[in-house]
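Student: Provided herewith is a single structure, encoded as structure tokens, for subsequent inquiry.
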Amino acid sequence: MLDNALIELSVERLSNAHGHEILRLVPYDAHHVPRYHDWLSSPELRELTASEPLSLDEEYEMQRTWRNDQDKLTFIILTPAGDSSSKTQESNGEVEGWMQDEVDRMIGDVNIFLSPAEDDDGNTDDDEEEDGKSGNPETDEVVGEVEVMLAESRARRKGFGKAAVLAIMWYAVRVLGPGRLRQLTAKIGADNVASLAVFTNALQFQKVKFSEYFQEHELHYLAHGMTLSQKIDQDLAAAGLRVCQIVSEHRTNATNHTDTT
């Protein structure tokens, strides 16, 4: 399934065949939690993201749960290194330098949730397994539900939401392997006008149904005869973007230190 414990994604804007980084997507780690908790202390953000208020301890537990959940992929969205406009709070002496730098550059998060794909009769692979038919969690087809939150107002209306969604979709189709990801979807509240604009206009997701009960739209990313990988690559190229996958040196060193002590 999905695992990005040591992976970072650099999102670059291309100009004359050269790229300059506009975003860095990094795994959601414990040092990000206090800032994330501050974001979700906002009733407006909680309403837009359909989130429940949590204590800081509960937020740490949620982060650990997300890290171990093989059906969820979460990246924290950072502005590029050296972005002086990103420092919005005093440094914490208990946090290592590179960790504090990431906290200073945080602007939001982007996620994909996986669920078993349904067949033509509305059954999932989980249903077939209960019926005694074989199901393989490593090869069965899945559907990915995409979410993005730009919590910092300074980061909005700059194309960062579109870039972050394209980047996480690019990564998901590659880490899952050919043909496993059947569909990419999004569910957005009817009142969340900004997110609806990003998904329908910038990313060209199509509205397919509306839930009166939840007051939310379901949208699908349509490949138009291409594979999802081909369509995502096409959309990245059309936007003048490139995604590079990087093994995090900081996180690798931290893991090795933990393993040898």
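By convention here, the chains of the structure tokens are called A, B, ... in the order presented, each chain's residues are numbered starting at 1, and ligands are numbered starting at 1 in the order presented.
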Give me the residues near stretch 37-44 of chain A as a count of residues only, where near means some atom within 10 Å (using only C-alpha atoms) and where sequence neighbours in that chain fewer than 2 positions away do not count.
Tutor: 24
Student: Just list as a PyMOL selection string whatever in stretch 168-261 of chain A DSSP marks as alpha helix (DSSP H).
Tutor: chain A and resi 168-176+193-197+228-238+249-259
Student: Let me see the file: selected residues, N, CA, C and O atoms, as a compact mmCIF listing (two decimals), in the first residue's frame.
Tutor:
```
# COMPACT_ATOMS: atom_id res chain seq x y z
N ILE A 168 0.84 14.72 -5.49
CA ILE A 168 0.51 13.53 -4.71
C ILE A 168 -0.14 12.47 -5.59
O ILE A 168 0.09 11.27 -5.39
N MET A 169 -0.90 12.88 -6.61
CA MET A 169 -1.47 11.89 -7.54
C MET A 169 -0.36 11.24 -8.35
O MET A 169 -0.39 10.02 -8.59
N TRP A 170 0.61 12.03 -8.78
CA TRP A 170 1.77 11.50 -9.52
C TRP A 170 2.48 10.44 -8.69
O TRP A 170 2.85 9.37 -9.20
N TYR A 171 2.68 10.72 -7.41
CA TYR A 171 3.37 9.76 -6.53
C TYR A 171 2.52 8.52 -6.30
O TYR A 171 3.04 7.39 -6.33
N ALA A 172 1.23 8.70 -6.07
CA ALA A 172 0.36 7.56 -5.74
C ALA A 172 0.30 6.54 -6.86
O ALA A 172 0.38 5.33 -6.62
N VAL A 173 0.18 6.98 -8.12
CA VAL A 173 0.08 6.01 -9.21
C VAL A 173 1.38 5.24 -9.37
O VAL A 173 1.37 4.08 -9.79
N ARG A 174 2.49 5.86 -8.99
CA ARG A 174 3.78 5.18 -9.13
C ARG A 174 4.04 4.20 -7.98
O ARG A 174 4.52 3.10 -8.19
N VAL A 175 3.70 4.61 -6.76
CA VAL A 175 3.98 3.73 -5.63
C VAL A 175 3.01 2.55 -5.59
O VAL A 175 3.37 1.47 -5.12
N LEU A 176 1.81 2.72 -6.12
CA LEU A 176 0.84 1.62 -6.14
C LEU A 176 1.13 0.63 -7.26
O LEU A 176 0.79 -0.54 -7.16
N VAL A 193 -16.33 27.00 -1.67
CA VAL A 193 -16.24 27.51 -3.03
C VAL A 193 -14.81 27.48 -3.56
O VAL A 193 -14.57 27.14 -4.73
N ALA A 194 -13.84 27.81 -2.71
CA ALA A 194 -12.44 27.87 -3.16
C ALA A 194 -11.94 26.49 -3.60
O ALA A 194 -11.32 26.35 -4.66
N SER A 195 -12.23 25.45 -2.78
CA SER A 195 -11.78 24.10 -3.15
C SER A 195 -12.49 23.60 -4.40
O SER A 195 -11.89 22.94 -5.26
N LEU A 196 -13.78 23.89 -4.51
CA LEU A 196 -14.51 23.48 -5.71
C LEU A 196 -13.89 24.11 -6.95
O LEU A 196 -13.77 23.47 -8.00
N ALA A 197 -13.48 25.37 -6.85
CA ALA A 197 -12.85 26.04 -7.99
C ALA A 197 -11.53 25.38 -8.36
O ALA A 197 -11.23 25.18 -9.55
N LEU A 228 -4.27 6.79 -15.95
CA LEU A 228 -4.16 7.88 -14.98
C LEU A 228 -2.77 8.49 -14.99
O LEU A 228 -2.61 9.71 -14.90
N SER A 229 -1.76 7.63 -15.10
CA SER A 229 -0.38 8.13 -15.12
C SER A 229 -0.14 9.07 -16.30
O SER A 229 0.46 10.14 -16.15
N GLN A 230 -0.64 8.68 -17.47
CA GLN A 230 -0.47 9.52 -18.66
C GLN A 230 -1.20 10.85 -18.51
O GLN A 230 -0.68 11.91 -18.88
N LYS A 231 -2.42 10.79 -17.95
CA LYS A 231 -3.21 12.02 -17.79
C LYS A 231 -2.55 12.97 -16.79
O LYS A 231 -2.49 14.19 -17.02
N ILE A 232 -2.04 12.43 -15.69
CA ILE A 232 -1.38 13.28 -14.70
C ILE A 232 -0.11 13.90 -15.30
O ILE A 232 0.15 15.09 -15.11
N ASP A 233 0.67 13.10 -16.02
CA ASP A 233 1.88 13.63 -16.67
C ASP A 233 1.51 14.74 -17.66
O ASP A 233 2.22 15.75 -17.75
N GLN A 234 0.42 14.54 -18.41
CA GLN A 234 -0.02 15.55 -19.36
C GLN A 234 -0.41 16.85 -18.66
O GLN A 234 -0.04 17.95 -19.08
N ASP A 235 -1.13 16.72 -17.55
CA ASP A 235 -1.58 17.91 -16.82
C ASP A 235 -0.40 18.63 -16.15
O ASP A 235 -0.39 19.87 -16.07
N LEU A 236 0.58 17.87 -15.66
CA LEU A 236 1.78 18.50 -15.11
C LEU A 236 2.52 19.29 -16.20
O LEU A 236 2.93 20.44 -15.98
N ALA A 237 2.66 18.68 -17.37
CA ALA A 237 3.36 19.35 -18.46
C ALA A 237 2.61 20.61 -18.90
O ALA A 237 3.22 21.65 -19.15
N ALA A 238 1.28 20.51 -18.97
CA ALA A 238 0.48 21.67 -19.39
C ALA A 238 0.59 22.82 -18.39
O ALA A 238 0.52 24.00 -18.76
N GLU A 249 17.27 12.98 3.36
CA GLU A 249 18.53 12.73 4.09
C GLU A 249 18.31 12.89 5.59
O GLU A 249 18.80 12.08 6.39
N HIS A 250 17.58 13.93 5.99
CA HIS A 250 17.34 14.15 7.42
C HIS A 250 16.60 12.97 8.04
O HIS A 250 16.97 12.48 9.10
N ARG A 251 15.54 12.51 7.36
CA ARG A 251 14.72 11.44 7.92
C ARG A 251 15.45 10.10 7.89
O ARG A 251 15.30 9.27 8.78
N THR A 252 16.26 9.87 6.87
CA THR A 252 17.06 8.65 6.80
C THR A 252 18.05 8.61 7.96
O THR A 252 18.21 7.59 8.64
N ASN A 253 18.73 9.74 8.21
CA ASN A 253 19.70 9.79 9.31
C ASN A 253 19.01 9.59 10.65
O ASN A 253 19.54 8.91 11.53
N ALA A 254 17.82 10.19 10.81
CA ALA A 254 17.09 10.05 12.07
C ALA A 254 16.68 8.61 12.29
O ALA A 254 16.76 8.07 13.40
N THR A 255 16.25 7.93 11.21
CA THR A 255 15.85 6.52 11.31
C THR A 255 17.05 5.64 11.64
O THR A 255 16.99 4.76 12.51
N ASN A 256 18.18 5.90 10.98
CA ASN A 256 19.38 5.10 11.25
C ASN A 256 19.85 5.30 12.67
O ASN A 256 20.29 4.36 13.35
N HIS A 257 19.76 6.54 13.17
CA HIS A 257 20.18 6.80 14.54
C HIS A 257 19.30 6.05 15.53
O HIS A 257 19.77 5.45 16.48
N THR A 258 17.99 6.04 15.24
CA THR A 258 17.06 5.35 16.11
C THR A 258 17.30 3.84 16.11
O THR A 258 17.27 3.17 17.14
N ASP A 259 17.62 3.30 14.93
CA ASP A 259 17.79 1.86 14.80
C ASP A 259 19.08 1.36 15.49
O ASP A 259 19.19 0.19 15.81
```
Student: Residues near stretch 61-73 of chain A, anyone? I mean within 9 Å using only C-alpha atoms, not counting same-chain ones fewer than 3 positions away, as a PDB file with N, CA and C atoms, in the first residue's frame.
Tutor:
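That gives us around.pdb:
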```
ATOM      1  N   MET A   1       0.838  -1.191   0.000  1.00  0.00           N
ATOM      2  CA  MET A   1       0.000   0.000   0.000  1.00  0.00           C
ATOM      3  C   MET A   1       0.887   1.259   0.000  1.00  0.00           C
ATOM      4  N   LEU A   2       0.404   2.343   0.593  1.00  0.00           N
ATOM      5  CA  LEU A   2       1.109   3.613   0.537  1.00  0.00           C
ATOM      6  C   LEU A   2       2.063   3.775   1.713  1.00  0.00           C
ATOM      7  N   ASP A   3       3.273   4.232   1.446  1.00  0.00           N
ATOM      8  CA  ASP A   3       4.238   4.486   2.516  1.00  0.00           C
ATOM      9  C   ASP A   3       5.178   5.586   2.031  1.00  0.00           C
ATOM     10  N   ASN A   4       5.234   6.676   2.758  1.00  0.00           N
ATOM     11  CA  ASN A   4       6.107   7.777   2.362  1.00  0.00           C
ATOM     12  C   ASN A   4       6.955   8.268   3.521  1.00  0.00           C
ATOM     13  N   ALA A   5       7.331   7.352   4.438  1.00  0.00           N
ATOM     14  CA  ALA A   5       8.022   7.756   5.661  1.00  0.00           C
ATOM     15  C   ALA A   5       9.331   8.491   5.383  1.00  0.00           C
ATOM     16  N   PRO A  27       6.733  14.083   4.546  1.00  0.00           N
ATOM     17  CA  PRO A  27       5.874  13.264   5.401  1.00  0.00           C
ATOM     18  C   PRO A  27       5.403  14.035   6.627  1.00  0.00           C
ATOM     19  N   TYR A  28       4.204  13.710   7.093  1.00  0.00           N
ATOM     20  CA  TYR A  28       3.639  14.336   8.287  1.00  0.00           C
ATOM     21  C   TYR A  28       4.290  13.707   9.515  1.00  0.00           C
ATOM     22  N   ASP A  29       5.199  14.451  10.155  1.00  0.00           N
ATOM     23  CA  ASP A  29       5.947  13.959  11.302  1.00  0.00           C
ATOM     24  C   ASP A  29       5.512  14.682  12.579  1.00  0.00           C
ATOM     25  N   ALA A  30       5.998  14.165  13.713  1.00  0.00           N
ATOM     26  CA  ALA A  30       5.574  14.687  15.014  1.00  0.00           C
ATOM     27  C   ALA A  30       5.891  16.169  15.181  1.00  0.00           C
ATOM     28  N   VAL A  33       3.120  18.629  14.269  1.00  0.00           N
ATOM     29  CA  VAL A  33       1.814  18.539  14.931  1.00  0.00           C
ATOM     30  C   VAL A  33       1.383  19.836  15.621  1.00  0.00           C
ATOM     31  N   LEU A  56      -4.215  18.649  21.826  1.00  0.00           N
ATOM     32  CA  LEU A  56      -2.884  18.453  21.246  1.00  0.00           C
ATOM     33  C   LEU A  56      -2.451  16.994  21.377  1.00  0.00           C
ATOM     34  N   ASP A  57      -2.730  16.355  22.502  1.00  0.00           N
ATOM     35  CA  ASP A  57      -2.388  14.935  22.671  1.00  0.00           C
ATOM     36  C   ASP A  57      -3.130  14.076  21.649  1.00  0.00           C
ATOM     37  N   GLU A  58      -4.389  14.386  21.421  1.00  0.00           N
ATOM     38  CA  GLU A  58      -5.162  13.632  20.424  1.00  0.00           C
ATOM     39  C   GLU A  58      -4.611  13.859  19.024  1.00  0.00           C
ATOM     40  N   VAL A 110      -1.806  17.736   2.091  1.00  0.00           N
ATOM     41  CA  VAL A 110      -2.510  17.079   0.992  1.00  0.00           C
ATOM     42  C   VAL A 110      -2.512  15.584   1.273  1.00  0.00           C
ATOM     43  N   ASN A 111      -3.658  14.933   1.011  1.00  0.00           N
ATOM     44  CA  ASN A 111      -3.855  13.534   1.402  1.00  0.00           C
ATOM     45  C   ASN A 111      -4.519  12.738   0.290  1.00  0.00           C
ATOM     46  N   ILE A 112      -4.278  11.422   0.324  1.00  0.00           N
ATOM     47  CA  ILE A 112      -5.058  10.470  -0.465  1.00  0.00           C
ATOM     48  C   ILE A 112      -5.470   9.329   0.457  1.00  0.00           C
ATOM     49  N   PHE A 113      -6.777   9.022   0.462  1.00  0.00           N
ATOM     50  CA  PHE A 113      -7.320   7.889   1.210  1.00  0.00           C
ATOM     51  C   PHE A 113      -7.675   6.797   0.215  1.00  0.00           C
ATOM     52  N   LEU A 114      -7.254   5.583   0.478  1.00  0.00           N
ATOM     53  CA  LEU A 114      -7.553   4.462  -0.413  1.00  0.00           C
ATOM     54  C   LEU A 114      -8.718   3.636   0.123  1.00  0.00           C
ATOM     55  N   SER A 115      -9.553   3.161  -0.800  1.00  0.00           N
ATOM     56  CA  SER A 115     -10.626   2.228  -0.453  1.00  0.00           C
ATOM     57  C   SER A 115     -10.776   1.234  -1.590  1.00  0.00           C
ATOM     58  N   ILE A 168       0.838  14.717  -5.494  1.00  0.00           N
ATOM     59  CA  ILE A 168       0.512  13.528  -4.706  1.00  0.00           C
ATOM     60  C   ILE A 168      -0.141  12.469  -5.593  1.00  0.00           C
ATOM     61  N   ALA A 172       1.226   8.699  -6.075  1.00  0.00           N
ATOM     62  CA  ALA A 172       0.358   7.562  -5.741  1.00  0.00           C
ATOM     63  C   ALA A 172       0.304   6.536  -6.862  1.00  0.00           C
TER      64      ALA A 172
END
```
Student: Which residues of stretch 38-85 of chain A come within 8 Å of stretch 7-24 of chain A, and for each one, what is the closest pair of atoms and their distance in Å to one decimal, counting only C-alpha atoms, sorted by chain and residue number, as a tab-separated table?
Tutor:
```
residue	atom	partner	partner_atom	distance
A:Ile77	CA	A:Arg24	CA	6.1
A:Leu78	CA	A:Arg24	CA	5.1
A:Thr79	CA	A:Leu23	CA	5.0
A:Pro80	CA	A:Leu23	CA	5.5
```
Student: Those same residues, written as a PDB file, in the first residue's frame with N, CA and C atoms?
Tutor:
```
ATOM      1  N   ILE A  77       2.666  20.369   3.176  1.00  0.00           N
ATOM      2  CA  ILE A  77       3.110  21.233   2.083  1.00  0.00           C
ATOM      3  C   ILE A  77       3.972  22.351   2.648  1.00  0.00           C
ATOM      4  N   LEU A  78       5.182  22.478   2.105  1.00  0.00           N
ATOM      5  CA  LEU A  78       6.120  23.518   2.533  1.00  0.00           C
ATOM      6  C   LEU A  78       6.418  24.460   1.380  1.00  0.00           C
ATOM      7  N   THR A  79       6.692  25.722   1.711  1.00  0.00           N
ATOM      8  CA  THR A  79       7.276  26.621   0.726  1.00  0.00           C
ATOM      9  C   THR A  79       8.752  26.242   0.554  1.00  0.00           C
ATOM     10  N   PRO A  80       9.410  26.729  -0.498  1.00  0.00           N
ATOM     11  CA  PRO A  80      10.802  26.329  -0.742  1.00  0.00           C
ATOM     12  C   PRO A  80      11.739  26.746   0.387  1.00  0.00           C
TER      13      PRO A  80
END
```
Student: If I take atom CA of A:Ala117 and atom CA of A:Ala239, how far is one from the other in Å, to one decimal?
Tutor: 29.4 Å
Student: As JSON, numbers by chain, which residues of stretch 10-258 of chain A does DSSP assign to strand (DSSP E or B)?
Tutor: {"A": [10, 11, 12, 13, 14, 15, 18, 19, 20, 21, 22, 23, 24, 25, 26, 27, 72, 73, 74, 75, 76, 77, 78, 106, 107, 108, 109, 110, 111, 112, 113, 114, 115, 116, 118, 124, 142, 143, 144, 145, 146, 147, 148, 149, 150, 181, 182, 183, 184, 185, 186, 187, 188, 189, 206, 207, 208, 209, 210, 211, 216, 217, 218, 219, 220, 221, 241, 242, 243, 244, 245, 246, 247]}
Student: Selected residues, C-alpha atoms, written as a tab-separated table (two decimals), in the first residue's frame, please.
Tutor:
```tsv
chain	number	residue	atom	x	y	z
A	10	SER	CA	9.93	18.53	-4.91
A	11	VAL	CA	7.46	20.39	-7.15
A	12	GLU	CA	9.28	22.54	-9.69
A	13	ARG	CA	8.06	25.14	-12.15
A	14	LEU	CA	9.85	24.79	-15.47
A	15	SER	CA	11.32	27.74	-17.36
A	18	HIS	CA	15.25	24.55	-16.02
A	19	GLY	CA	13.21	24.04	-12.88
A	20	HIS	CA	12.93	26.05	-9.69
A	21	GLU	CA	11.18	24.63	-6.68
A	22	ILE	CA	7.84	26.17	-5.72
A	23	LEU	CA	6.74	23.56	-3.15
A	24	ARG	CA	8.22	20.72	-1.12
A	25	LEU	CA	5.94	17.91	0.11
A	26	VAL	CA	7.24	16.07	3.17
A	27	PRO	CA	5.87	13.26	5.40
A	72	LYS	CA	-3.66	6.82	3.78
A	73	LEU	CA	-0.95	8.99	2.29
A	74	THR	CA	-0.30	12.38	3.88
A	75	PHE	CA	2.19	15.09	2.96
A	76	ILE	CA	2.75	18.43	4.64
A	77	ILE	CA	3.11	21.23	2.08
A	78	LEU	CA	6.12	23.52	2.53
A	106	MET	CA	4.38	24.85	6.54
A	107	ILE	CA	1.38	26.12	4.54
A	108	GLY	CA	-1.00	23.14	4.42
A	109	ASP	CA	-1.39	19.43	3.76
A	110	VAL	CA	-2.51	17.08	0.99
A	111	ASN	CA	-3.85	13.53	1.40
A	112	ILE	CA	-5.06	10.47	-0.46
A	113	PHE	CA	-7.32	7.89	1.21
A	114	LEU	CA	-7.55	4.46	-0.41
A	115	SER	CA	-10.63	2.23	-0.45
A	116	PRO	CA	-11.42	-0.98	-2.36
A	118	GLU	CA	-16.35	-1.68	-6.57
A	124	THR	CA	-15.68	-4.57	-3.39
A	142	VAL	CA	-8.46	0.76	-5.30
A	143	VAL	CA	-10.03	4.20	-5.43
A	144	GLY	CA	-8.12	7.21	-4.10
A	145	GLU	CA	-9.95	10.14	-2.48
A	146	VAL	CA	-7.88	13.33	-2.62
A	147	GLU	CA	-7.98	16.21	-0.11
A	148	VAL	CA	-5.93	19.40	0.08
A	149	MET	CA	-5.86	22.18	2.67
A	150	LEU	CA	-3.99	25.47	2.34
A	181	LEU	CA	-5.47	2.88	-8.93
A	182	ARG	CA	-8.78	2.72	-10.79
A	183	GLN	CA	-10.14	6.16	-9.97
A	184	LEU	CA	-9.21	9.42	-8.25
A	185	THR	CA	-12.04	11.26	-6.54
A	186	ALA	CA	-12.73	14.21	-4.25
A	187	LYS	CA	-15.61	15.06	-1.91
A	188	ILE	CA	-16.08	18.78	-1.28
A	189	GLY	CA	-18.72	20.61	0.72
A	206	GLN	CA	-15.93	16.49	-12.98
A	207	LYS	CA	-18.92	16.63	-10.63
A	208	VAL	CA	-20.66	13.24	-10.72
A	209	LYS	CA	-23.10	13.34	-7.80
A	210	PHE	CA	-24.33	15.46	-4.91
A	211	SER	CA	-25.21	14.24	-1.42
A	216	GLU	CA	-21.19	17.77	-0.62
A	217	HIS	CA	-20.20	17.15	-4.20
A	218	GLU	CA	-18.40	14.02	-5.37
A	219	LEU	CA	-15.96	14.70	-8.20
A	220	HIS	CA	-13.93	12.38	-10.42
A	221	TYR	CA	-10.63	12.89	-12.22
A	241	LEU	CA	5.42	21.62	-13.56
A	242	ARG	CA	7.75	18.75	-12.76
A	243	VAL	CA	7.76	16.44	-9.71
A	244	CYS	CA	10.98	14.91	-8.37
A	245	GLN	CA	10.98	12.15	-5.76
A	246	ILE	CA	13.69	12.51	-3.12
A	247	VAL	CA	14.79	10.24	-0.28
```
Student: Calculate how many Å separate atom CA of A:Gln204 from atom CA of A:Ala223, rounding to one decimal.
Tutor: 10.3 Å
